[in-house]
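K.L.:
What follows is upload_4.csv, CSV, C-alpha atoms (C1' of nucleotides).
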```csv
chain,number,residue,atom,x,y,z
A,1,MET,CA,77.4,-11.5,-81.0
A,2,SER,CA,74.5,-13.4,-79.6
A,3,THR,CA,74.1,-17.1,-80.2
A,4,LYS,CA,70.9,-19.1,-80.1
A,5,GLN,CA,70.0,-20.0,-76.6
A,6,SER,CA,68.4,-23.3,-76.0
A,7,THR,CA,67.8,-22.6,-72.4
A,8,ASN,CA,64.2,-21.5,-72.0
A,9,GLN,CA,63.9,-18.0,-70.5
A,10,LEU,CA,60.9,-18.3,-68.1
A,11,PRO,CA,60.2,-16.5,-64.9
A,12,ILE,CA,62.1,-18.3,-62.2
A,13,LEU,CA,59.7,-19.0,-59.4
A,14,GLN,CA,60.5,-19.0,-55.8
A,15,LEU,CA,58.3,-21.8,-54.5
A,16,ASP,CA,57.1,-21.9,-51.0
A,17,GLU,CA,55.8,-24.8,-48.9
A,18,LYS,CA,52.3,-24.4,-50.2
A,19,ASP,CA,53.4,-24.7,-53.8
A,20,MET,CA,55.5,-27.7,-52.9
A,21,ALA,CA,52.5,-29.3,-51.1
A,22,ILE,CA,50.4,-28.8,-54.2
A,23,LEU,CA,53.1,-30.3,-56.4
A,24,LYS,CA,53.4,-33.3,-54.1
A,25,LEU,CA,49.8,-34.1,-54.5
A,26,LEU,CA,49.7,-33.5,-58.2
A,27,GLN,CA,52.7,-35.8,-58.7
A,28,ILE,CA,50.7,-38.6,-57.2
A,29,ASP,CA,47.4,-37.8,-58.8
A,30,GLY,CA,47.5,-35.4,-61.7
A,31,LYS,CA,43.7,-35.5,-62.0
A,32,MET,CA,43.2,-34.3,-58.5
A,33,THR,CA,40.7,-31.5,-58.5
A,34,ILE,CA,41.4,-27.9,-57.3
A,35,ARG,CA,38.7,-28.3,-54.6
A,36,ASP,CA,40.2,-31.6,-53.3
A,37,ILE,CA,43.7,-30.1,-53.1
A,38,ALA,CA,42.3,-27.0,-51.4
A,39,SER,CA,40.5,-29.0,-48.7
A,40,LYS,CA,43.5,-31.2,-48.2
A,41,LEU,CA,45.8,-28.3,-47.6
A,42,ASN,CA,43.2,-26.2,-45.7
A,43,LEU,CA,43.0,-23.6,-48.3
A,44,SER,CA,40.3,-22.1,-50.5
A,45,THR,CA,40.2,-22.8,-54.3
A,46,THR,CA,41.5,-19.4,-55.3
A,47,PRO,CA,45.1,-19.7,-54.0
A,48,VAL,CA,45.4,-23.3,-55.2
A,49,TYR,CA,44.1,-22.3,-58.6
A,50,GLU,CA,46.4,-19.4,-59.0
A,51,ARG,CA,49.5,-21.3,-57.8
A,52,ILE,CA,48.8,-24.1,-60.2
A,53,LYS,CA,48.4,-21.8,-63.1
A,54,LYS,CA,51.6,-20.0,-62.1
A,55,MET,CA,53.6,-23.2,-62.0
A,56,GLU,CA,52.1,-24.4,-65.3
A,57,GLN,CA,53.2,-21.2,-67.0
A,58,ALA,CA,56.6,-21.3,-65.5
A,59,GLU,CA,56.8,-25.0,-66.6
A,60,VAL,CA,57.5,-26.2,-63.1
A,61,ILE,CA,54.8,-28.6,-64.1
A,62,LYS,CA,56.0,-29.7,-67.5
A,63,GLN,CA,52.9,-31.8,-68.3
A,64,TYR,CA,50.1,-34.0,-67.1
A,65,ALA,CA,50.5,-37.5,-68.3
A,66,ALA,CA,49.1,-41.0,-68.1
A,67,ILE,CA,51.9,-43.4,-66.9
A,68,VAL,CA,51.7,-46.6,-68.7
A,69,ASP,CA,53.2,-49.9,-67.4
A,70,PRO,CA,55.7,-51.1,-70.0
A,71,LYS,CA,55.2,-54.7,-69.0
A,72,LYS,CA,51.5,-54.5,-69.9
A,73,ILE,CA,52.2,-53.3,-73.4
A,74,ASN,CA,55.0,-55.8,-74.3
A,75,LYS,CA,57.9,-53.5,-73.5
A,76,GLY,CA,59.1,-55.4,-70.4
A,77,LEU,CA,62.8,-55.5,-71.2
A,78,THR,CA,64.9,-52.6,-70.2
A,79,VAL,CA,68.5,-52.3,-71.3
A,80,LEU,CA,71.0,-49.7,-70.3
A,81,CYS,CA,73.3,-49.1,-73.3
A,82,TYR,CA,76.6,-47.2,-72.7
A,83,ILE,CA,78.1,-45.5,-75.6
A,84,THR,CA,81.4,-43.8,-76.4
A,85,LEU,CA,81.8,-41.7,-79.6
A,86,LYS,CA,84.7,-41.6,-81.9
A,87,GLU,CA,84.5,-37.9,-82.7
A,88,HIS,CA,83.8,-35.7,-79.8
A,89,SER,CA,83.4,-32.4,-81.6
A,90,LYS,CA,80.3,-30.4,-81.1
A,91,LYS,CA,79.2,-31.1,-84.6
A,92,TYR,CA,79.4,-34.9,-84.3
A,93,GLY,CA,77.8,-34.9,-80.9
A,94,LYS,CA,74.8,-33.0,-82.2
A,95,LYS,CA,74.4,-35.5,-85.0
A,96,PHE,CA,74.5,-38.4,-82.7
A,97,ILE,CA,71.9,-36.8,-80.4
A,98,GLN,CA,69.6,-36.1,-83.3
A,99,GLU,CA,69.7,-39.7,-84.4
A,100,ILE,CA,69.2,-41.0,-80.9
A,101,LEU,CA,66.2,-38.8,-80.4
A,102,GLY,CA,64.6,-40.4,-83.4
A,103,PHE,CA,64.6,-43.9,-81.9
A,104,THR,CA,61.4,-44.4,-80.0
A,105,GLU,CA,62.9,-47.4,-78.1
A,106,VAL,CA,65.2,-44.9,-76.3
A,107,THR,CA,63.3,-43.5,-73.3
A,108,GLU,CA,66.2,-41.8,-71.8
A,109,CYS,CA,69.5,-40.4,-73.0
A,110,LEU,CA,72.1,-38.9,-70.6
A,111,ASN,CA,75.4,-37.3,-71.3
A,112,ILE,CA,77.6,-38.7,-68.5
A,113,SER,CA,80.9,-38.6,-66.8
A,114,GLY,CA,83.3,-41.5,-66.7
A,115,GLU,CA,84.4,-44.1,-69.2
A,116,PHE,CA,81.4,-43.6,-71.5
A,117,ASP,CA,79.9,-40.5,-73.1
A,118,PHE,CA,76.3,-41.5,-73.0
A,119,MET,CA,73.9,-43.8,-71.3
A,120,ILE,CA,70.7,-44.6,-73.2
A,121,LYS,CA,67.8,-46.5,-71.7
A,122,VAL,CA,66.2,-48.8,-74.2
A,123,GLN,CA,62.7,-50.2,-73.7
A,124,VAL,CA,61.8,-53.2,-75.8
A,125,LYS,CA,59.7,-56.4,-75.8
A,126,ASP,CA,62.5,-59.0,-75.5
A,127,MET,CA,66.0,-59.9,-76.5
A,128,ASP,CA,65.0,-60.3,-80.1
A,129,GLU,CA,63.7,-56.8,-80.3
A,130,TYR,CA,66.8,-55.5,-78.5
A,131,ARG,CA,69.1,-57.2,-81.0
A,132,GLU,CA,67.0,-55.7,-83.8
A,133,PHE,CA,67.5,-52.3,-82.2
A,134,TYR,CA,71.2,-52.8,-81.5
A,135,VAL,CA,72.1,-54.1,-84.9
A,136,ASN,CA,69.9,-52.2,-87.3
A,137,LYS,CA,69.4,-48.9,-85.5
A,138,LEU,CA,72.3,-48.2,-83.1
A,139,GLY,CA,74.7,-50.2,-85.2
A,140,GLU,CA,73.9,-48.0,-88.3
A,141,LEU,CA,75.3,-44.9,-86.6
A,142,ASP,CA,78.7,-44.0,-88.0
A,143,ASN,CA,80.2,-42.2,-85.0
A,144,LEU,CA,80.3,-45.0,-82.4
A,145,SER,CA,83.5,-46.1,-80.8
A,146,HIS,CA,82.4,-48.7,-78.4
A,147,THR,CA,79.3,-49.7,-76.5
A,148,GLN,CA,78.3,-51.8,-73.5
A,149,SER,CA,74.8,-53.3,-72.8
A,150,ILE,CA,73.7,-53.7,-69.2
A,151,PHE,CA,70.5,-55.6,-68.8
A,152,VAL,CA,67.9,-54.8,-66.1
A,153,ILE,CA,67.1,-57.9,-64.2
A,154,SER,CA,64.3,-56.2,-62.2
A,155,VAL,CA,62.9,-52.8,-61.6
A,156,ILE,CA,63.0,-52.1,-57.9
A,157,LYS,CA,61.7,-48.6,-58.1
A,158,THR,CA,60.9,-46.1,-60.7
A,159,THR,CA,59.2,-42.7,-60.2
A,160,HIS,CA,58.9,-39.3,-61.6
A,161,GLN,CA,58.4,-37.8,-58.1
A,162,VAL,CA,60.9,-35.3,-57.1
A,163,VAL,CA,58.9,-33.3,-54.6
A,164,PHE,CA,58.4,-34.8,-51.1
B,1,MET,CA,52.2,-75.0,-50.3
B,2,SER,CA,51.4,-71.6,-51.5
B,3,THR,CA,53.7,-68.6,-50.9
B,4,LYS,CA,52.9,-64.9,-50.9
B,5,GLN,CA,52.9,-63.7,-54.5
B,6,SER,CA,53.9,-60.2,-55.1
B,7,THR,CA,53.1,-60.3,-58.7
B,8,ASN,CA,49.7,-58.7,-59.2
B,9,GLN,CA,47.1,-61.0,-60.7
B,10,LEU,CA,45.1,-58.8,-63.0
B,11,PRO,CA,43.4,-59.6,-66.3
B,12,ILE,CA,46.0,-59.6,-69.0
B,13,LEU,CA,44.7,-57.4,-71.7
B,14,GLN,CA,45.1,-57.9,-75.4
B,15,LEU,CA,45.3,-54.3,-76.6
B,16,ASP,CA,44.4,-53.4,-80.1
B,17,GLU,CA,45.3,-50.4,-82.3
B,18,LYS,CA,42.5,-48.3,-80.8
B,19,ASP,CA,43.7,-48.9,-77.3
B,20,MET,CA,47.2,-48.1,-78.2
B,21,ALA,CA,46.1,-44.9,-80.0
B,22,ILE,CA,44.3,-43.9,-76.8
B,23,LEU,CA,47.3,-44.6,-74.7
B,24,LYS,CA,49.5,-42.6,-77.0
B,25,LEU,CA,47.3,-39.5,-76.6
B,26,LEU,CA,47.0,-39.9,-72.8
B,27,GLN,CA,50.7,-40.3,-72.4
B,28,ILE,CA,51.2,-36.9,-73.9
B,29,ASP,CA,48.2,-35.2,-72.2
B,30,GLY,CA,46.7,-37.1,-69.3
B,31,LYS,CA,44.0,-34.5,-68.9
B,32,MET,CA,42.7,-35.0,-72.4
B,33,THR,CA,38.9,-35.4,-72.3
B,34,ILE,CA,37.1,-38.4,-73.5
B,35,ARG,CA,35.3,-36.4,-76.1
B,36,ASP,CA,38.5,-34.9,-77.4
B,37,ILE,CA,40.1,-38.3,-77.7
B,38,ALA,CA,37.0,-39.7,-79.4
B,39,SER,CA,36.9,-37.0,-82.0
B,40,LYS,CA,40.6,-37.3,-82.7
B,41,LEU,CA,40.2,-41.0,-83.3
B,42,ASN,CA,36.9,-40.8,-85.1
B,43,LEU,CA,35.1,-42.7,-82.5
B,44,SER,CA,32.2,-42.0,-80.2
B,45,THR,CA,32.6,-41.5,-76.4
B,46,THR,CA,31.3,-44.9,-75.4
B,47,PRO,CA,34.2,-47.0,-76.8
B,48,VAL,CA,36.8,-44.6,-75.6
B,49,TYR,CA,35.3,-44.5,-72.2
B,50,GLU,CA,35.1,-48.2,-71.9
B,51,ARG,CA,38.5,-48.8,-73.2
B,52,ILE,CA,40.1,-46.3,-70.8
B,53,LYS,CA,38.2,-47.8,-67.8
B,54,LYS,CA,39.3,-51.2,-68.9
B,55,MET,CA,43.0,-50.2,-69.1
B,56,GLU,CA,42.8,-48.4,-65.8
B,57,GLN,CA,41.4,-51.4,-64.0
B,58,ALA,CA,44.0,-53.7,-65.6
B,59,GLU,CA,46.7,-51.2,-64.6
B,60,VAL,CA,47.9,-50.7,-68.1
B,61,ILE,CA,47.5,-47.1,-67.0
B,62,LYS,CA,49.3,-47.1,-63.7
B,63,GLN,CA,48.4,-43.5,-62.8
B,64,TYR,CA,47.8,-40.0,-63.9
B,65,ALA,CA,50.5,-37.6,-62.8
B,66,ALA,CA,51.9,-34.1,-63.0
B,67,ILE,CA,55.5,-34.2,-64.3
B,68,VAL,CA,57.6,-31.7,-62.5
B,69,ASP,CA,60.9,-30.3,-63.9
B,70,PRO,CA,63.6,-31.2,-61.4
B,71,LYS,CA,65.7,-28.1,-62.3
B,72,LYS,CA,62.8,-25.8,-61.4
B,73,ILE,CA,62.6,-27.1,-57.8
B,74,ASN,CA,66.3,-27.2,-57.1
B,75,LYS,CA,66.9,-30.9,-57.9
B,76,GLY,CA,69.0,-30.3,-61.0
B,77,LEU,CA,71.8,-32.7,-60.3
B,78,THR,CA,71.4,-36.3,-61.3
B,79,VAL,CA,73.8,-39.0,-60.2
B,80,LEU,CA,73.9,-42.6,-61.3
B,81,CYS,CA,75.2,-44.6,-58.4
B,82,TYR,CA,76.3,-48.1,-59.0
B,83,ILE,CA,76.4,-50.5,-56.0
B,84,THR,CA,77.6,-54.0,-55.3
B,85,LEU,CA,76.6,-55.8,-52.1
B,86,LYS,CA,78.7,-57.8,-49.8
B,87,GLU,CA,76.1,-60.4,-49.0
B,88,HIS,CA,74.0,-61.5,-51.9
B,89,SER,CA,71.5,-63.7,-50.1
B,90,LYS,CA,67.8,-63.1,-50.5
B,91,LYS,CA,67.5,-61.8,-47.0
B,92,TYR,CA,70.3,-59.2,-47.3
B,93,GLY,CA,69.1,-58.1,-50.7
B,94,LYS,CA,65.6,-57.4,-49.3
B,95,LYS,CA,67.0,-55.4,-46.5
B,96,PHE,CA,69.0,-53.3,-48.9
B,97,ILE,CA,66.0,-52.7,-51.1
B,98,GLN,CA,63.8,-51.7,-48.2
B,99,GLU,CA,66.4,-49.2,-47.1
B,100,ILE,CA,66.9,-47.8,-50.5
B,101,LEU,CA,63.1,-47.4,-51.0
B,102,GLY,CA,63.1,-45.1,-48.0
B,103,PHE,CA,65.5,-42.6,-49.6
B,104,THR,CA,63.4,-39.9,-51.4
B,105,GLU,CA,66.5,-38.8,-53.3
B,106,VAL,CA,66.5,-42.1,-55.1
B,107,THR,CA,64.1,-41.8,-58.1
B,108,GLU,CA,65.1,-45.1,-59.6
B,109,CYS,CA,66.5,-48.4,-58.5
B,110,LEU,CA,67.4,-51.2,-60.9
B,111,ASN,CA,68.8,-54.6,-60.3
B,112,ILE,CA,71.2,-55.0,-63.2
B,113,SER,CA,73.6,-57.4,-64.9
B,114,GLY,CA,77.3,-56.9,-65.0
B,115,GLU,CA,79.9,-55.7,-62.6
B,116,PHE,CA,77.5,-54.1,-60.2
B,117,ASP,CA,74.3,-55.4,-58.6
B,118,PHE,CA,72.2,-52.2,-58.6
B,119,MET,CA,72.0,-48.9,-60.3
B,120,ILE,CA,70.3,-46.1,-58.4
B,121,LYS,CA,69.4,-42.7,-59.8
B,122,VAL,CA,69.8,-39.9,-57.3
B,123,GLN,CA,68.2,-36.6,-57.8
B,124,VAL,CA,69.7,-33.7,-55.7
B,125,LYS,CA,70.3,-30.0,-55.7
B,126,ASP,CA,74.0,-30.0,-56.0
B,127,MET,CA,77.2,-31.7,-55.1
B,128,ASP,CA,76.9,-30.7,-51.4
B,129,GLU,CA,73.5,-32.4,-51.2
B,130,TYR,CA,74.9,-35.5,-53.0
B,131,ARG,CA,77.8,-35.8,-50.6
B,132,GLU,CA,75.3,-35.5,-47.8
B,133,PHE,CA,73.3,-38.4,-49.3
B,134,TYR,CA,76.3,-40.4,-50.1
B,135,VAL,CA,78.0,-40.2,-46.7
B,136,ASN,CA,75.1,-40.1,-44.3
B,137,LYS,CA,72.4,-42.2,-46.0
B,138,LEU,CA,74.0,-44.6,-48.5
B,139,GLY,CA,77.2,-44.8,-46.4
B,140,GLU,CA,75.2,-45.9,-43.4
B,141,LEU,CA,74.1,-49.1,-45.0
B,142,ASP,CA,76.0,-52.0,-43.7
B,143,ASN,CA,75.9,-54.4,-46.7
B,144,LEU,CA,77.7,-52.4,-49.3
B,145,SER,CA,80.8,-53.8,-50.9
B,146,HIS,CA,81.7,-51.0,-53.3
B,147,THR,CA,80.1,-48.2,-55.3
B,148,GLN,CA,80.7,-45.9,-58.2
B,149,SER,CA,79.2,-42.5,-58.9
B,150,ILE,CA,78.6,-41.4,-62.4
B,151,PHE,CA,77.5,-37.8,-62.9
B,152,VAL,CA,75.0,-36.7,-65.4
B,153,ILE,CA,76.4,-33.8,-67.4
B,154,SER,CA,73.3,-33.1,-69.3
B,155,VAL,CA,69.9,-34.7,-69.9
B,156,ILE,CA,69.4,-35.2,-73.6
B,157,LYS,CA,66.1,-36.9,-73.4
B,158,THR,CA,63.8,-38.3,-70.7
B,159,THR,CA,60.3,-39.6,-71.1
B,160,HIS,CA,57.8,-42.0,-69.7
B,161,GLN,CA,56.3,-42.6,-73.2
B,162,VAL,CA,56.4,-46.2,-74.2
B,163,VAL,CA,53.6,-46.2,-76.7
B,164,PHE,CA,54.2,-44.9,-80.2
C,1,DT,C1',23.4,-67.5,-95.1
C,2,DA,C1',21.3,-66.9,-90.6
C,3,DT,C1',22.1,-65.8,-85.9
C,4,DT,C1',24.4,-64.7,-82.0
C,5,DT,C1',27.7,-61.7,-79.9
C,6,DT,C1',30.4,-57.7,-79.6
C,7,DT,C1',31.2,-53.1,-80.5
C,8,DT,C1',29.9,-48.4,-81.6
C,9,DA,C1',26.8,-44.3,-82.3
C,10,DG,C1',24.2,-40.8,-80.5
C,11,DA,C1',21.8,-38.4,-77.2
C,12,DA,C1',20.8,-37.1,-72.6
C,13,DC,C1',21.5,-36.1,-67.5
C,14,DA,C1',23.1,-34.9,-63.1
C,15,DA,C1',27.1,-33.7,-61.0
C,16,DA,C1',31.4,-31.7,-60.8
C,17,DT,C1',34.7,-28.5,-62.7
C,18,DG,C1',37.5,-24.4,-63.6
C,19,DT,C1',37.1,-19.7,-63.2
C,20,DC,C1',35.9,-15.2,-61.5
C,21,DT,C1',34.3,-11.3,-58.3
C,22,DG,C1',34.1,-8.8,-54.1
C,23,DT,C1',35.4,-9.1,-49.3
C,24,DT,C1',38.3,-10.2,-45.5
C,25,DT,C1',42.5,-11.5,-43.5
C,26,DT,C1',47.3,-11.5,-43.2
C,27,DT,C1',51.7,-9.7,-44.2
C,28,DT,C1',54.9,-6.1,-45.2
C,29,DA,C1',56.9,-1.7,-45.0
C,30,DT,C1',56.8,2.9,-43.3
D,1,DA,C1',51.0,1.9,-34.9
D,2,DT,C1',49.3,2.7,-39.3
D,3,DA,C1',49.0,2.4,-44.2
D,4,DA,C1',49.7,-0.3,-48.3
D,5,DA,C1',50.2,-4.5,-50.6
D,6,DA,C1',49.6,-9.3,-51.0
D,7,DA,C1',47.2,-13.5,-50.2
D,8,DA,C1',43.3,-16.2,-48.9
D,9,DC,C1',38.2,-16.7,-48.2
D,10,DA,C1',33.6,-17.6,-49.6
D,11,DG,C1',30.3,-18.1,-52.8
D,12,DA,C1',28.4,-18.2,-57.3
D,13,DC,C1',28.1,-19.1,-62.5
D,14,DA,C1',28.3,-21.2,-67.0
D,15,DT,C1',30.3,-24.9,-69.0
D,16,DT,C1',32.0,-29.2,-69.4
D,17,DT,C1',32.7,-33.5,-67.6
D,18,DG,C1',32.1,-38.5,-66.9
D,19,DT,C1',28.6,-41.7,-67.2
D,20,DT,C1',24.6,-44.2,-68.7
D,21,DC,C1',20.9,-45.9,-71.9
D,22,DT,C1',18.9,-47.6,-76.1
D,23,DA,C1',19.3,-48.6,-80.6
D,24,DA,C1',22.1,-49.6,-84.6
D,25,DA,C1',25.9,-51.4,-86.8
D,26,DA,C1',29.6,-54.5,-87.3
D,27,DA,C1',31.9,-58.7,-86.4
D,28,DA,C1',32.1,-63.3,-85.2
D,29,DT,C1',30.1,-67.8,-85.0
D,30,DA,C1',27.5,-71.6,-86.5
```
Please, can you express the file's structure as structure tokens?
P.N.:
Amino acid sequence: MSTKQSTNQLPILQLDEKDMAILKLLQIDGKMTIRDIASKLNLSTTPVYERIKKMEQAEVIKQYAAIVDPKKINKGLTVLCYITLKEHSKKYGKKFIQEILGFTEVTECLNISGEFDFMIKVQVKDMDEYREFYVNKLGELDNLSHTQSIFVISVIKTTHQVVF
Amino acid sequence: MSTKQSTNQLPILQLDEKDMAILKLLQIDGKMTIRDIASKLNLSTTPVYERIKKMEQAEVIKQYAAIVDPKKINKGLTVLCYITLKEHSKKYGKKFIQEILGFTEVTECLNISGEFDFMIKVQVKDMDEYREFYVNKLGELDNLSHTQSIFVISVIKTTHQVVF
DNA sequence: TATTTTTTAGAACAAATGTCTGTTTTTTAT
DNA sequence: ATAAAAAACAGACATTTGTTCTAAAAAATA
């Protein structure tokens, strides 16, 4: 029998140095024009155009996005919240995940090794807003065993760049 | 006496619902055109144009970027590495930070509360590459007290969106 | 209510953009 | 060395883009 596959089945690209060079530039400036990229890499527009299209279709480039500064929109407090579940069955794990995905405060959710099952990153205005989240949203979930909140004192570095 | 201020002194914007609506759209599609945004928000191009420019200058919008899928470029292993320093003086902290910022594998570095001083997120291909990083880069720093590596089993959610 | 100030509408322009076609160069395989 | 295949070049086109201007509307102030 075949089960539903959540892993997307897209052409696996073998990227060369030119592809990587393009990605490197677009990671820093997603609005960079094909001509500018071409001239910076000593190429013509055609190969740059085709390579970008190829990487977009293969979802190497997942999206183009404006990166907003959380501090500037009153979301300057970051909290890492570690969570262990009571029930670890697949069923209960999925339920937890679905509920977590519904919380807009949660900007990241990782299933991790070690003492805890999950780490979620919570982005809020201040401690009041975090308490509100912790008590009325996270606290309402019925599968939690225990949690631990670690507060971010300062953000030294944060980037989406993975190509160098 | 005045000391060097690292905190950027930019006009603090009071954003209204229209600004937030624009940010919301640009976070999802940074290449969205001013006309498209305008029509979606039932506005003309002028206010949209001026509001975006204003938010760019105030660095509410930090940048436009292409978001690359780490898995697709052979950086599919994420490790959270927790670090405590031996010396906590300002001088030694700065040295540590400077060295960490030089490691391209580190996509995030947070100064945190609790047992450890820092959490760094390390993005690598596989365990071999992590060991290489752990031994030859992190291990070469001379101010480390102790560390703990937590491995990401699966990424449930990850986003840069902070406006909803 | 009257008046000033701020914001938006609507249209228009020049410049820049993605996209395509045919040709040339480079690479690969025989 | 030669043929075949793949990649890059160069240039051109239609469209769309950011941007600006003037007038109108809306909001804020007195």
K.L.:
Smallest atom-to-atom distance to Phe133 (chain A): which of A:Asp29, A:Asp19, A:Glu105, A:Asp117, using all atoms listed in the file?
P.N.:
A:Glu105
K.L.:
Show me which bits of chain A are within 9 Å of chain C, counting all atoms listed in the file, as a PyMOL selection string.
P.N.:
chain A and resi 33-34+49
K.L.:
Find the residue from D:DA30, D:DC21, D:DC9, D:DA1 that sits nearest to chain B; use only C-alpha atoms (C1' of nucleotides) when measuring.
P.N.:
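Ranking D:DA30, D:DC21, D:DC9, D:DA1 by distance to chain B, first place goes to D:DC21.
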K.L.:
Hey, list the chain A side of the contact with chain B: 8 Å cut-off, all atoms listed in the file, answer as a PyMOL selection string.
P.N.:
chain A and resi 12-13+15+23+26-31+59-70+72-73+75+97+101+104-105+107-114+123+150-164
K.L.:
Out of A:Arg51, A:His88, A:Lys40, A:Lys94, which residue has the shortest atom-to-atom distance to chain D when counting all atoms listed in the file?
P.N.:
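Looking at the shortest contact to chain D, the residue is A:Arg51.
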K.L.:
Please, which residues of chain D lie no more than 10 Å from chain B when the count uses all atoms listed in the file, and can they be set out as a ChimeraX atom specification?
P.N.:
/D:16-20
K.L.:
Tell me, in Å to one decimal, how far CA of Thr84 (chain B) is from CA of Phe96 (chain B).
P.N.:
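One can read the CA of Thr84 (chain B) to CA of Phe96 (chain B) distance as 10.7 Å.
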K.L.:
Do a neighbour search on Leu85 (chain A) at 7 Å with all atoms listed in the file, toss out local chain neighbours closer than 5 positions, and write the hits as a list in words.
P.N.:
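Here the answer would be Asp117, Asn143, Leu144 and Ser145 of chain A.
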K.L.:
One decimal, Å: what's the distance from CA of Ser89 (chain B) over to CA of Gly139 (chain B), could you say?
P.N.:
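Between CA of Ser89 (chain B) and CA of Gly139 (chain B) the gap works out to 20.1 Å.
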K.L.:
Record the distance separating CA of Lys18 (chain B) and C1' of DA25 (chain D), expressed in Å with one decimal.
P.N.:
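Those two atoms sit 17.9 Å apart.
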